[in-house]
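*Asks:* Okay, here's the structure, questions in a sec.
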Amino acid sequence: MHVIIVGAGLAGLACARMLERWKVDITIIEAADGVGGRVRSDYADGYIFDRGFQVVFDTYPAVLRQLDLAALDLHAFAPGAIICLPGKQVVLTDPLRDPAWADRLAATLAGSISPLDKLRTLQLATELRLQTVDEMLAGPDETSYDFLKRRGFSDRIIDLFFRPFYGGVLFDRTLATSAKCLRFDFKMLAEGRACLPAAGMGAISAQLAAPLLERGLVHLNTRVADLLHREARVAGVRLANGQELFADAVVVATPAPEAARLSGLPMPTEERGTVTLYYSGDEPLYQGPKLLLNPLPDAFINNAQLLTNVVPAYAPPGKHLLSATVIGIPALNDDELFRQGLRDLHRMVAGNMLAQAALASYQPLRLYRIPFAQFGQPPGLHPQLPDNRSGRAGLYFAGEFTEASSLNAAMISGEKCAANIAEDLAGYGV
Ligand SMILES: Cc1cc2nc3c(=O)[nH]c(=O)nc-3n(C[C@H](O)[C@H](O)[C@H](O)COP(=O)(O)OP(=O)(O)OC[C@H]3O[C@@H](n4cnc5c(N)ncnc54)[C@H](O)[C@@H]3O)c2cc1C
C-alpha cells in the first residue's frame, strides 16, 4: 500500500504522520525548499521572521492531538489588546481573567468601551465556553457583523475592537466573514491563549515533519505538474521534470487554487492576502505581550505587535522586533510599504511621548507579501467545502480548504483524510 502526498503544509504533514503510524508507505512531494507551507520561519542575523504574522491557540483541538506543546515552549500574548485611538491608547483587558477588571471598567467608562459591551463580551465568552465546538458551529449561518449586532453589541465596540481584531485574524475588516469563524476563534481565546513557539511559528511544521524527514520520506524542491490516471482511477503524479510516480492513492494537500488546477474540481479560491512588515528598534515600543489594534477607518496597519515582548529570542540581545500587519496587498514597492507603515505606526502611538521617542529608532528589516494567506469564508460556505474523498477513485484532499482557514482546520483535514484512506483501503490490510 503506497500513498503519494502532494504538499508538506500542516495538512499534508498531519495526514502523513497518521498514515505512517498505520504502517502505510508514503512519499511526500513538496514544491518548496522546506516543509510547512504557510507556516514557516526564516532565521537571519539573530532574528526570527515568521512568514507572515500568525499565532497558534493552545486550545486548538488538533494542535493538542498532534503537537508536543512543551517541546515547542509556547509563549502567550496577554488577553485583550491595546486599542490605538487618536492621541491615546486604551488597554482592553479580558474580563474573564483580569482580577482588576472592575477597576479598569470604571476607568473606561469615560468613553471607550461601554459597560454593556463589556458585559456582553463576558456573556458571550461564558456561553461559548459551555458549548462544545460542534454545538457552537451548528445551525444557520450569518455574517460576523450580523451576529454581533444580534447579540446586542454596539457599533462602537464593533468598530473599536471586533473590526481590527478579527480583521487581523481573518483578513477581513468588513466582518462579512461567517460568524462561525468568529465564534470559534472567540471560544479558543476564551479558553486558552494565543501563542508563539520560542523558535518561531516554523517550529510547529518542523516538529510535525521531523520523523518524516528523518526517514527520507519528504522530497523537497519537487513540483507535481499533473495527476496520472489509469482508466477512471487516479494512479499517480507526473513531476515537473517529467518523472512519473505511481501509487494506490494520491492526496492533494496543496492550497485550494493548486488543488483546483490539479483535480479540475471546484474549490474555494477567493483569496485573502496580507503584507507583514518587520521593523527593528533599540527600545521597546510599549510594555507587555499585547497586540496594538488600529480601529481607524483609514488604517494602513491593522495590527502591530512587539514580538520580543512575547518571545525575547525573536531578536538579538538589545534589539526589539515589531511586526505590522497590512490587510490586502497594496500596489506599492517595498520602500513605500515600509514608509507608509511607519507613518501609521507613529499615528497609532500619537500622544505617547515615550513610544514616539522609541519609534524613532525603528528601521525596516524585511517584509512578506502573501497573496493567498487564507481563503474567503462567507456565511454558508463551510458545508459546501470539498470532502476529503474527492469522489474520484484514488484521489483524496487534505488542506484547510476542506474544513476552514486555520492551522487547526488544516491539521484536522489531514487527520480526516488519513482516516478516510485507511477505511477505503482496509482491503489492502491497512
Ligand atoms: C500570514 C498568515 C497568517 C495566518 N494567521 C493564522 C492564525 O493566526 N491562526 C491560524 O490558525 N491560521 C492562520 N493562518 C492560516 C494557516 O496558516 C493556514 O490555514 C494553514 O497553514 C494551511 O495549511 P495547508 O497545509 O492547508 O496549506 P499550505 O500551508 O499552503 O501547504 C500547502 C503545501 O503544498 C505545496 N504545494 C503547492 N503546490 C504544489 C505542487 N504542485 N507540488 C508539490 N507541492 C505543492 C506548497 O509549497 C505548500 O508547502 C495564517 C496564514 C497566513 C499565511
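Chain labels follow the order of the C-alpha cells: the first chain is A, the next B, and so on; residue numbering restarts at 1 in every chain, and ligands are counted from 1 in their shown order.
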Could you list, as a ChimeraX atom specification, all protein and nucleic acid residues with an atom at most 6 Å from ligand 1, counting only C-alpha atoms and all ligand atoms?

*Replies:* /A:6-12,29-32,35-39,52-56,169,223-225,253-255,258,373-374,399-400,405-408,410

*Asks:* Give me the residues within 8 Å of Leu72 in chain A as number ranges by chain, counting only C-alpha atoms and dropping any in the same chain fewer than 2 places off.

*Replies:* A: 68-70, 74, 197-199, 203-204

*Asks:* Using C-alpha atoms, can you write the selected residues to a file as a PDB file, in the first residue's frame?

*Replies:*
```
ATOM      1  CA  ASP A  68       4.245  18.297  21.729  1.00  0.00           C
ATOM      2  CA  LEU A  69       3.457  21.741  23.159  1.00  0.00           C
ATOM      3  CA  ALA A  70       6.048  21.500  25.936  1.00  0.00           C
ATOM      4  CA  LEU A  74       4.902  28.320  23.798  1.00  0.00           C
ATOM      5  CA  PRO A 197       6.695  28.973  19.901  1.00  0.00           C
ATOM      6  CA  ALA A 198      10.092  30.006  21.299  1.00  0.00           C
ATOM      7  CA  ALA A 199      11.750  29.183  17.950  1.00  0.00           C
ATOM      8  CA  ALA A 203       8.923  25.194  14.722  1.00  0.00           C
ATOM      9  CA  ILE A 204       5.380  23.766  14.511  1.00  0.00           C
TER      10      ILE A 204
END
```

*Asks:* Which one is closest to Tyr60 in chain A: A:Tyr43, A:Phe161, A:Phe186, A:Phe153? Count only C-alpha atoms.

*Replies:*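 Checking each candidate against Tyr60 in chain A, we get A:Phe186 as the closest.
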
*Asks:* Could you pull out the strand (DSSP E or B) residues of range 2-217 of chain A, going by DSSP on the backbone, and write them as a PyMOL selection string?

*Replies:* chain A and resi 2-6+9+25-29+36+41-44+47-50+56-57+74-76+81-85+88-92+143+178+194-197

*Asks:* List as a PyMOL selection string the protein and nucleic acid residues near Asp172 in chain A, meaning an atom at most 12 Å away when only C-alpha atoms are counted, but skip any in the same chain fewer than 2 places from it.

*Replies:* chain A and resi 143-145+162-170+174-178+181-182+271-274+302+326-328+373-378

*Asks:* Hey, what's within 10 Å of His75 in chain A if we count only C-alpha atoms and toss same-chain stuff fewer than 4 positions away? As a ChimeraX atom specification, please?

*Replies:* /A:58,193-198,289,309-312

*Asks:* Given the selection you just returned, output its residues as a file containing C-alpha atoms, formatted as an mmCIF file, in the first residue's frame.

*Replies:*
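Dumped to selection14.cif:
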```
data_model
loop_
_atom_site.group_PDB
_atom_site.id
_atom_site.type_symbol
_atom_site.label_atom_id
_atom_site.label_comp_id
_atom_site.auth_asym_id
_atom_site.auth_seq_id
_atom_site.Cartn_x
_atom_site.Cartn_y
_atom_site.Cartn_z
ATOM 1 C CA ASP A 58 -3.002 26.404 22.738
ATOM 2 C CA ARG A 193 -4.060 31.652 24.840
ATOM 3 C CA ALA A 194 -2.718 32.993 21.551
ATOM 4 C CA CYS A 195 0.911 31.859 21.484
ATOM 5 C CA LEU A 196 4.214 31.864 19.632
ATOM 6 C CA PRO A 197 6.695 28.973 19.901
ATOM 7 C CA ALA A 198 10.092 30.006 21.299
ATOM 8 C CA PRO A 289 2.884 40.903 25.495
ATOM 9 C CA ASN A 309 7.706 41.293 24.325
ATOM 10 C CA VAL A 310 6.317 37.765 23.833
ATOM 11 C CA VAL A 311 9.499 35.850 22.900
ATOM 12 C CA PRO A 312 12.714 37.827 23.521
#
```

*Asks:* Which residue, A:Leu64, A:Ala209, A:Ala78, A:Glu231, has the smallest gap to Gln287 in chain A when you use only C-alpha atoms?

*Replies:*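 Closest to Gln287 in chain A, using only C-alpha atoms: A:Ala78.
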
*Asks:* Report as a ChimeraX atom specification all protein, DNA and RNA residues lying within 12 Å of Phe246 in chain A, evaluated on only C-alpha atoms, omitting residues in the same chain fewer than 3 positions from it.

*Replies:* /A:1-5,26-27,227-230,233-239,243,249-250,394

*Asks:* Skip Tyr286 in chain A itself and residues of its chain fewer than 2 positions away, then list as JSON, numbers by chain all residues within 7 Å of it, counting only C-alpha atoms.

*Replies:* {"A": [284, 288, 355]}

*Asks:* For the residues in the current selection, export N, CA and C atoms as a PDB file, in the first residue's frame.

*Replies:*
```pdb
ATOM      1  N   PRO A 284      11.907  49.168  23.596  1.00  0.00           N
ATOM      2  CA  PRO A 284      10.561  48.606  23.374  1.00  0.00           C
ATOM      3  C   PRO A 284       9.557  49.727  23.092  1.00  0.00           C
ATOM      4  N   GLY A 288       4.799  44.810  27.762  1.00  0.00           N
ATOM      5  CA  GLY A 288       3.825  43.723  27.891  1.00  0.00           C
ATOM      6  C   GLY A 288       3.543  43.003  26.589  1.00  0.00           C
ATOM      7  N   ALA A 355       6.643  56.265  23.553  1.00  0.00           N
ATOM      8  CA  ALA A 355       6.527  55.405  22.373  1.00  0.00           C
ATOM      9  C   ALA A 355       6.999  56.130  21.121  1.00  0.00           C
TER      10      ALA A 355
END
```
